[in-house]
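What follows is a short report on a single structure.
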Amino acid sequence: MQHLDELKELLRSPKKIAITTHQKPDADALGSSLALAGYLQKKNHEVHVITPTDYPKFLNWMQGNQDVIVFNEGNEKRSEQIMQEADIICCLDFSILSRINELGEIVRNASAYKVLIDHHLAPEHFAHFELWDINAAATAQLVYELICELGDHTYIDTFIGECIYAGIMTDTASFRHSNTTKRVHMISADLIEIGVDTNRVQRLVYDTNTESKLRFLGFALAEKMVVLPEFRTVYFAISAEELKRFNSQTGDTEGLVNFGLSIEGIILSAVIIDRSEVIRMSFRSVGDFSVNDFARKHFDGGGHKNAAGGNSSLPLSETVNKFVSLLPLYKDQLTQ
């Protein structure tokens, strides 16, 4: 942690604080943001959480959700004013300002003291204080660590703990990924001791589905999954029309990429989705194949070694062709 004493001194008196996270926030992004907000509000700071876009409805149970400001839902001017007036801006679960869309330049130009809390590769280093650790399982874990380092573990109540647990649970895929360390289990055990009902959090995140979401999942697995055994790769290409057909909402495609990776022998899985304005891509891998490097080099993206995202300005069919045409270049890495 760089400049921890400086941050601690700033937080001694009430401040105006803005918290933001990446577009289409997942459980770690929103959970870490609301956990930090809940803690700072207990310290008598004035706190606003601003997300660049909407997020899945199955996260609406989190404490503080009702006060989240969604930037692109008519809140652009209000959000900019909050950022301009903020004493501190906290940036969670992203390390490059372009990940928060139009908010990026607003944050960059703001005079506030900037805090970065993140675990993704290759940060932009725009913040005054950085809590950046690529070995952390989740940004929510880092928020827990920060609160403890500030000497305020007792401020973590059940509501804050639920948000932290949701972030850790989802970013470890329910403690299945290799980022599940002894420390992760110790933090989770502490959250249980505090009073977090982990079964409840599991149900709220994973067992809150709509009929249309389940029908879309069935359709995608039955008709859209392409297996390329010669490259040990699976991909799904979903058109805008198909999303509309199943009334797809934010979060409905989340987790689809993991089904491809669950097939025995598969090393790389990709979901390629036409979001009308841009093609969004999600990559997962196992072993030594770095989807972070792959996404950064070819699809203006990045993330973690085994979990990354990307974008394409090409039409869906051309994006798929580009993706498939790249696989022979990586055949040795994918088939070794």
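Here's how to read the names in the structure tokens: chain A, B, ... by the order shown, residue numbers from 1 in each chain, ligand numbers from 1 in the order shown.
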DSSP strand (DSSP E or B) residues within region 186-314 of chain A, listed as a PyMOL selection string: chain A and resi 225-228+233-238+268-274+279-285+302-303+307-312
List as JSON lines every residue of region 217-313 of chain A that is in contact with region 93-102 of chain A, defined as an atom at most 12 Å from one of its atoms (using only C-alpha atoms), together with the nearest atom pair and the distance in Å rounded to one decimal, sorted by chain and then rising number.
```
{"residue": "A:Asp300", "atom": "CA", "partner": "A:Ser98", "partner_atom": "CA", "distance": 10.9}
{"residue": "A:Gly301", "atom": "CA", "partner": "A:Arg99", "partner_atom": "CA", "distance": 9.6}
{"residue": "A:Gly302", "atom": "CA", "partner": "A:Ile96", "partner_atom": "CA", "distance": 10.2}
{"residue": "A:Gly303", "atom": "CA", "partner": "A:Phe94", "partner_atom": "CA", "distance": 8.9}
{"residue": "A:His304", "atom": "CA", "partner": "A:Phe94", "partner_atom": "CA", "distance": 11.3}
{"residue": "A:Gly309", "atom": "CA", "partner": "A:Arg99", "partner_atom": "CA", "distance": 10.9}
{"residue": "A:Gly310", "atom": "CA", "partner": "A:Arg99", "partner_atom": "CA", "distance": 10.9}
{"residue": "A:Asn311", "atom": "CA", "partner": "A:Arg99", "partner_atom": "CA", "distance": 11.4}
```
Print the selection's residues with all heavy atoms to a file, as an mmCIF file, in the first residue's frame.
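The result, written out as out.cif:
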```cif
data_model
loop_
_atom_site.group_PDB
_atom_site.id
_atom_site.type_symbol
_atom_site.label_atom_id
_atom_site.label_comp_id
_atom_site.auth_asym_id
_atom_site.auth_seq_id
_atom_site.Cartn_x
_atom_site.Cartn_y
_atom_site.Cartn_z
ATOM 1 N N ASP A 300 -8.116 -5.238 -27.771
ATOM 2 C CA ASP A 300 -8.190 -4.006 -26.975
ATOM 3 C C ASP A 300 -8.762 -4.273 -25.589
ATOM 4 O O ASP A 300 -9.626 -3.546 -25.099
ATOM 5 C CB ASP A 300 -9.050 -2.972 -27.711
ATOM 6 C CG ASP A 300 -8.981 -1.598 -27.057
ATOM 7 O OD1 ASP A 300 -7.923 -1.278 -26.475
ATOM 8 O OD2 ASP A 300 -9.982 -0.848 -27.132
ATOM 9 N N GLY A 301 -8.270 -5.346 -24.953
ATOM 10 C CA GLY A 301 -8.824 -5.712 -23.661
ATOM 11 C C GLY A 301 -7.753 -6.088 -22.671
ATOM 12 O O GLY A 301 -6.626 -5.619 -22.723
ATOM 13 N N GLY A 302 -8.102 -6.961 -21.758
ATOM 14 C CA GLY A 302 -7.184 -7.408 -20.724
ATOM 15 C C GLY A 302 -7.942 -7.832 -19.486
ATOM 16 O O GLY A 302 -9.168 -7.934 -19.492
ATOM 17 N N GLY A 303 -7.197 -8.096 -18.430
ATOM 18 C CA GLY A 303 -7.803 -8.518 -17.178
ATOM 19 C C GLY A 303 -6.832 -9.324 -16.358
ATOM 20 O O GLY A 303 -5.814 -8.821 -15.918
ATOM 21 N N HIS A 304 -7.124 -10.611 -16.203
ATOM 22 C CA HIS A 304 -6.273 -11.526 -15.459
ATOM 23 C C HIS A 304 -5.694 -12.564 -16.416
ATOM 24 O O HIS A 304 -6.132 -12.692 -17.559
ATOM 25 C CB HIS A 304 -7.072 -12.245 -14.369
ATOM 26 C CG HIS A 304 -7.771 -11.322 -13.430
ATOM 27 N ND1 HIS A 304 -7.108 -10.589 -12.477
ATOM 28 C CD2 HIS A 304 -9.089 -11.007 -13.299
ATOM 29 C CE1 HIS A 304 -7.978 -9.875 -11.783
ATOM 30 N NE2 HIS A 304 -9.186 -10.108 -12.273
ATOM 31 N N GLY A 309 -11.356 -9.753 -20.726
ATOM 32 C CA GLY A 309 -12.392 -9.291 -21.637
ATOM 33 C C GLY A 309 -11.782 -8.516 -22.777
ATOM 34 O O GLY A 309 -10.610 -8.131 -22.735
ATOM 35 N N GLY A 310 -12.575 -8.287 -23.811
ATOM 36 C CA GLY A 310 -12.090 -7.523 -24.951
ATOM 37 C C GLY A 310 -13.234 -6.918 -25.723
ATOM 38 O O GLY A 310 -14.414 -7.154 -25.422
ATOM 39 N N ASN A 311 -12.892 -6.132 -26.740
ATOM 40 C CA ASN A 311 -13.879 -5.466 -27.582
ATOM 41 C C ASN A 311 -13.465 -5.567 -29.040
ATOM 42 O O ASN A 311 -12.293 -5.760 -29.357
ATOM 43 C CB ASN A 311 -13.994 -3.977 -27.218
ATOM 44 C CG ASN A 311 -14.296 -3.753 -25.757
ATOM 45 O OD1 ASN A 311 -15.333 -4.157 -25.267
ATOM 46 N ND2 ASN A 311 -13.370 -3.116 -25.050
#
```
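Distances here use only C-alpha atoms; by that measure, the residue among A:Ile106, A:Cys91, A:Leu204, A:Ile267 closest to Glu124 (chain A) is A:Cys91.
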Using only C-alpha atoms, which residue out of A:Lys213, A:His48, A:Lys244, A:Lys42 lies closest to Asp157 (chain A)? A:Lys42
Selected residue of minimal separation from Ile88 (chain A) among A:Ala18, A:Glu76, A:Leu327, A:Leu34, counting only C-alpha atoms: A:Ala18
What separation in Å, quoted to one decimal, exists between CA of Ile17 (chain A) and CA of Val47 (chain A)?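 A separation of 4.8 Å between them.
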What lies within 6 Å of Lys16 (chain A) using only C-alpha atoms, ignoring chain neighbours under 6 positions off, as a ChimeraX atom specification? /A:46,86-87
Non-local contacts of Arg203 (chain A) (12 Å; only C-alpha atoms; under 4 positions in same chain excluded) as an MDAnalysis selection string: chainID A and resid 58:59 61 166 169 174 197:199 207:209
Filtering to N, CA, C and O atoms, could you give me those residues as an mmCIF file, in the first residue's frame?
```cif
data_model
loop_
_atom_site.group_PDB
_atom_site.id
_atom_site.type_symbol
_atom_site.label_atom_id
_atom_site.label_comp_id
_atom_site.auth_asym_id
_atom_site.auth_seq_id
_atom_site.Cartn_x
_atom_site.Cartn_y
_atom_site.Cartn_z
ATOM 1 N N PHE A 58 -29.812 -9.203 -9.978
ATOM 2 C CA PHE A 58 -29.593 -10.127 -8.873
ATOM 3 C C PHE A 58 -28.573 -9.607 -7.855
ATOM 4 O O PHE A 58 -28.271 -10.279 -6.864
ATOM 5 N N LEU A 59 -28.088 -8.371 -8.083
ATOM 6 C CA LEU A 59 -27.219 -7.728 -7.098
ATOM 7 C C LEU A 59 -27.949 -6.638 -6.307
ATOM 8 O O LEU A 59 -27.353 -5.992 -5.444
ATOM 9 N N TRP A 61 -29.894 -6.702 -3.921
ATOM 10 C CA TRP A 61 -30.079 -6.950 -2.490
ATOM 11 C C TRP A 61 -28.992 -6.303 -1.643
ATOM 12 O O TRP A 61 -29.159 -6.173 -0.420
ATOM 13 N N ALA A 166 -19.662 -11.567 -1.243
ATOM 14 C CA ALA A 166 -20.176 -11.748 -2.602
ATOM 15 C C ALA A 166 -19.076 -11.536 -3.636
ATOM 16 O O ALA A 166 -18.981 -12.275 -4.622
ATOM 17 N N MET A 169 -16.589 -14.509 -3.318
ATOM 18 C CA MET A 169 -17.239 -15.749 -3.781
ATOM 19 C C MET A 169 -17.291 -15.825 -5.306
ATOM 20 O O MET A 169 -16.943 -16.846 -5.911
ATOM 21 N N SER A 174 -16.893 -19.453 -6.586
ATOM 22 C CA SER A 174 -17.271 -20.234 -5.408
ATOM 23 C C SER A 174 -16.090 -21.049 -4.890
ATOM 24 O O SER A 174 -16.213 -22.232 -4.561
ATOM 25 N N ASP A 197 -24.399 -14.653 6.402
ATOM 26 C CA ASP A 197 -25.066 -15.905 6.038
ATOM 27 C C ASP A 197 -24.616 -16.253 4.622
ATOM 28 O O ASP A 197 -25.177 -15.771 3.644
ATOM 29 N N THR A 198 -23.593 -17.081 4.507
ATOM 30 C CA THR A 198 -23.005 -17.371 3.192
ATOM 31 C C THR A 198 -23.967 -18.125 2.282
ATOM 32 O O THR A 198 -23.950 -17.930 1.064
ATOM 33 N N ASN A 199 -24.816 -18.959 2.844
ATOM 34 C CA ASN A 199 -25.803 -19.668 2.025
ATOM 35 C C ASN A 199 -26.783 -18.686 1.395
ATOM 36 O O ASN A 199 -27.179 -18.844 0.234
ATOM 37 N N ASP A 207 -28.937 -18.215 -7.559
ATOM 38 C CA ASP A 207 -30.231 -18.876 -7.702
ATOM 39 C C ASP A 207 -31.370 -17.879 -7.847
ATOM 40 O O ASP A 207 -32.493 -18.137 -7.401
ATOM 41 N N THR A 208 -31.069 -16.740 -8.446
ATOM 42 C CA THR A 208 -32.099 -15.737 -8.712
ATOM 43 C C THR A 208 -32.154 -15.514 -10.217
ATOM 44 O O THR A 208 -31.523 -14.610 -10.771
ATOM 45 N N ASN A 209 -32.890 -16.385 -10.902
ATOM 46 C CA ASN A 209 -32.942 -16.364 -12.361
ATOM 47 C C ASN A 209 -34.344 -16.034 -12.856
ATOM 48 O O ASN A 209 -35.340 -16.293 -12.173
#
```
I need the residue nearest Ser239 (chain A) from this list: A:Thr51, A:Ile279, A:Met225, A:Phe259. Use only C-alpha atoms for the distance.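 Residue with the minimum atom-to-atom distance to Ser239 (chain A): A:Ile279.
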Name all residues at most 9 Å from Val107 (chain A) (count only C-alpha atoms; drop same-chain ones fewer than 5 positions away) and give them as an NGL selection string. :A and (80 or 83-84 or 89 or 97 or 112 or 114)
Selection to disk with N, CA, C and O atoms, as a PDB file, in the first residue's frame:
```pdb
ATOM      1  N   GLU A  80     -21.043  14.307 -12.726  1.00  0.00           N
ATOM      2  CA  GLU A  80     -19.882  15.171 -12.954  1.00  0.00           C
ATOM      3  C   GLU A  80     -19.721  16.176 -11.818  1.00  0.00           C
ATOM      4  O   GLU A  80     -18.594  16.437 -11.361  1.00  0.00           O
ATOM      5  N   MET A  83     -18.237  14.438  -8.806  1.00  0.00           N
ATOM      6  CA  MET A  83     -16.801  14.195  -9.000  1.00  0.00           C
ATOM      7  C   MET A  83     -15.997  15.485  -8.835  1.00  0.00           C
ATOM      8  O   MET A  83     -14.911  15.492  -8.241  1.00  0.00           O
ATOM      9  N   GLN A  84     -16.522  16.577  -9.348  1.00  0.00           N
ATOM     10  CA  GLN A  84     -15.809  17.858  -9.262  1.00  0.00           C
ATOM     11  C   GLN A  84     -15.728  18.377  -7.838  1.00  0.00           C
ATOM     12  O   GLN A  84     -14.750  19.033  -7.456  1.00  0.00           O
ATOM     13  N   ILE A  89     -11.730  10.542  -4.591  1.00  0.00           N
ATOM     14  CA  ILE A  89     -12.407   9.666  -5.548  1.00  0.00           C
ATOM     15  C   ILE A  89     -11.759   8.288  -5.447  1.00  0.00           C
ATOM     16  O   ILE A  89     -10.546   8.150  -5.625  1.00  0.00           O
ATOM     17  N   LEU A  97      -8.562   4.076 -16.790  1.00  0.00           N
ATOM     18  CA  LEU A  97      -9.725   4.975 -16.751  1.00  0.00           C
ATOM     19  C   LEU A  97     -10.697   4.767 -17.908  1.00  0.00           C
ATOM     20  O   LEU A  97     -11.880   5.100 -17.798  1.00  0.00           O
ATOM     21  N   ALA A 112      -9.671  15.988  -7.033  1.00  0.00           N
ATOM     22  CA  ALA A 112      -9.733  15.166  -5.826  1.00  0.00           C
ATOM     23  C   ALA A 112      -8.501  14.287  -5.660  1.00  0.00           C
ATOM     24  O   ALA A 112      -7.796  13.963  -6.626  1.00  0.00           O
ATOM     25  N   LYS A 114      -7.043  10.820  -5.420  1.00  0.00           N
ATOM     26  CA  LYS A 114      -7.561   9.611  -6.068  1.00  0.00           C
ATOM     27  C   LYS A 114      -6.983   8.356  -5.429  1.00  0.00           C
ATOM     28  O   LYS A 114      -5.788   8.258  -5.157  1.00  0.00           O
TER      29      LYS A 114
END
```
As a ChimeraX atom specification, please: all residues of region 203-302 of chain A that backbone DSSP puts in helix (DSSP H, G or I). /A:203-206,211-224,229-231,240-245,256-261,291-298
I need the residue nearest Lys43 (chain A) from this list: A:Leu261, A:Tyr144, A:Thr154, A:Pro123. Use only C-alpha atoms for the distance. A:Thr154
Leaving out Ser312 (chain A) and any residue of its chain fewer than 2 positions from it, which residues lie within 10 Å of it when counting only C-alpha atoms, given as a compact mmCIF listing (two decimals) with N, CA, C and O atoms, in the first residue's frame?
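File around_18.txt, as written:
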```
# COMPACT_ATOMS: atom_id res chain seq x y z
N ILE A 272 -18.65 -14.22 -27.49
CA ILE A 272 -18.57 -13.05 -28.37
C ILE A 272 -19.99 -12.56 -28.58
O ILE A 272 -20.82 -13.27 -29.14
N ILE A 273 -20.29 -11.36 -28.11
CA ILE A 273 -21.66 -10.88 -28.07
C ILE A 273 -21.79 -9.54 -28.80
O ILE A 273 -21.03 -8.60 -28.55
N ASP A 274 -22.78 -9.45 -29.66
CA ASP A 274 -23.08 -8.20 -30.37
C ASP A 274 -23.96 -7.33 -29.48
O ASP A 274 -25.15 -7.62 -29.30
N GLU A 277 -23.66 -1.43 -30.18
CA GLU A 277 -22.65 -0.39 -30.33
C GLU A 277 -21.26 -0.98 -30.53
O GLU A 277 -20.42 -0.40 -31.21
N VAL A 278 -21.01 -2.13 -29.92
CA VAL A 278 -19.69 -2.74 -29.95
C VAL A 278 -19.83 -4.24 -29.70
O VAL A 278 -20.83 -4.69 -29.12
N ILE A 279 -18.85 -5.00 -30.15
CA ILE A 279 -18.81 -6.43 -29.86
C ILE A 279 -18.05 -6.63 -28.56
O ILE A 279 -16.89 -6.21 -28.44
N ARG A 280 -18.69 -7.23 -27.57
CA ARG A 280 -18.06 -7.51 -26.28
C ARG A 280 -17.59 -8.96 -26.27
O ARG A 280 -18.30 -9.85 -26.74
N MET A 281 -16.42 -9.16 -25.69
CA MET A 281 -15.84 -10.50 -25.66
C MET A 281 -15.39 -10.85 -24.25
O MET A 281 -14.86 -10.01 -23.53
N HIS A 298 -4.93 -8.50 -29.24
CA HIS A 298 -5.81 -8.61 -30.41
C HIS A 298 -7.16 -7.92 -30.27
O HIS A 298 -7.80 -7.63 -31.28
N PHE A 299 -7.64 -7.68 -29.04
CA PHE A 299 -9.01 -7.21 -28.89
C PHE A 299 -9.14 -6.06 -27.88
O PHE A 299 -10.19 -5.92 -27.23
N ASP A 300 -8.12 -5.24 -27.77
CA ASP A 300 -8.19 -4.01 -26.98
C ASP A 300 -8.76 -4.27 -25.59
O ASP A 300 -9.63 -3.55 -25.10
N GLY A 301 -8.27 -5.35 -24.95
CA GLY A 301 -8.82 -5.71 -23.66
C GLY A 301 -7.75 -6.09 -22.67
O GLY A 301 -6.63 -5.62 -22.72
N GLY A 310 -12.58 -8.29 -23.81
CA GLY A 310 -12.09 -7.52 -24.95
C GLY A 310 -13.23 -6.92 -25.72
O GLY A 310 -14.41 -7.15 -25.42
N LEU A 314 -15.42 -4.53 -35.29
CA LEU A 314 -15.84 -5.24 -36.50
C LEU A 314 -17.24 -5.83 -36.29
O LEU A 314 -17.68 -6.03 -35.15
N PRO A 315 -17.96 -6.13 -37.35
CA PRO A 315 -19.24 -6.84 -37.20
C PRO A 315 -19.02 -8.20 -36.53
O PRO A 315 -17.90 -8.72 -36.50
N LEU A 316 -20.11 -8.78 -36.04
CA LEU A 316 -20.00 -10.03 -35.30
C LEU A 316 -19.32 -11.12 -36.11
O LEU A 316 -18.40 -11.80 -35.62
N GLU A 318 -17.30 -10.97 -38.63
CA GLU A 318 -15.88 -10.70 -38.88
C GLU A 318 -15.07 -10.85 -37.59
O GLU A 318 -13.91 -11.27 -37.63
N THR A 319 -15.67 -10.50 -36.47
CA THR A 319 -14.98 -10.69 -35.19
C THR A 319 -14.75 -12.18 -34.92
O THR A 319 -13.67 -12.59 -34.49
N VAL A 320 -15.78 -12.99 -35.19
CA VAL A 320 -15.65 -14.43 -35.02
C VAL A 320 -14.55 -14.97 -35.94
O VAL A 320 -13.70 -15.77 -35.52
N LYS A 322 -12.00 -13.40 -37.14
CA LYS A 322 -10.70 -12.95 -36.64
C LYS A 322 -10.26 -13.83 -35.48
O LYS A 322 -9.10 -14.27 -35.41
```
Would you please work out which residue, of A:Ala307, A:Gly255, A:Ser248, A:Asp171, is nearest to Glu211 (chain A) when using only C-alpha atoms? A:Ser248
Non-local contacts of Asp332 (chain A) (12 Å; only C-alpha atoms; under 2 positions in same chain excluded) as a ChimeraX atom specification: /A:230-232,267,288-289,327-330,334-336
Selected residues written out, C-alpha atoms, as a CSV table (one decimal), in the first residue's frame:
```csv
chain,number,residue,atom,x,y,z
A,230,GLU,CA,-7.9,-29.2,-32.7
A,231,PHE,CA,-7.3,-26.0,-30.7
A,232,ARG,CA,-8.9,-27.2,-27.4
A,267,ILE,CA,-8.1,-24.8,-22.5
A,288,ASP,CA,-0.6,-21.4,-18.6
A,289,PHE,CA,-2.5,-19.9,-21.5
A,327,LEU,CA,-6.0,-19.8,-33.0
A,328,PRO,CA,-3.4,-21.5,-35.3
A,329,LEU,CA,-0.9,-18.9,-34.0
A,330,TYR,CA,-1.4,-20.2,-30.5
A,334,LEU,CA,-3.3,-24.5,-26.5
A,335,THR,CA,-2.4,-28.1,-27.3
A,336,GLN,CA,0.8,-28.7,-25.2
```
In Å to one decimal, how far is CA of Ala35 (chain A) from CA of Cys163 (chain A)?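 If I compute the distance from CA of Cys163 (chain A) to CA of Ala35 (chain A), I get 5.6 Å.
Picture a line from CA of Gln141 (chain A) to CA of Tyr39 (chain A); it runs 14.1 Å.
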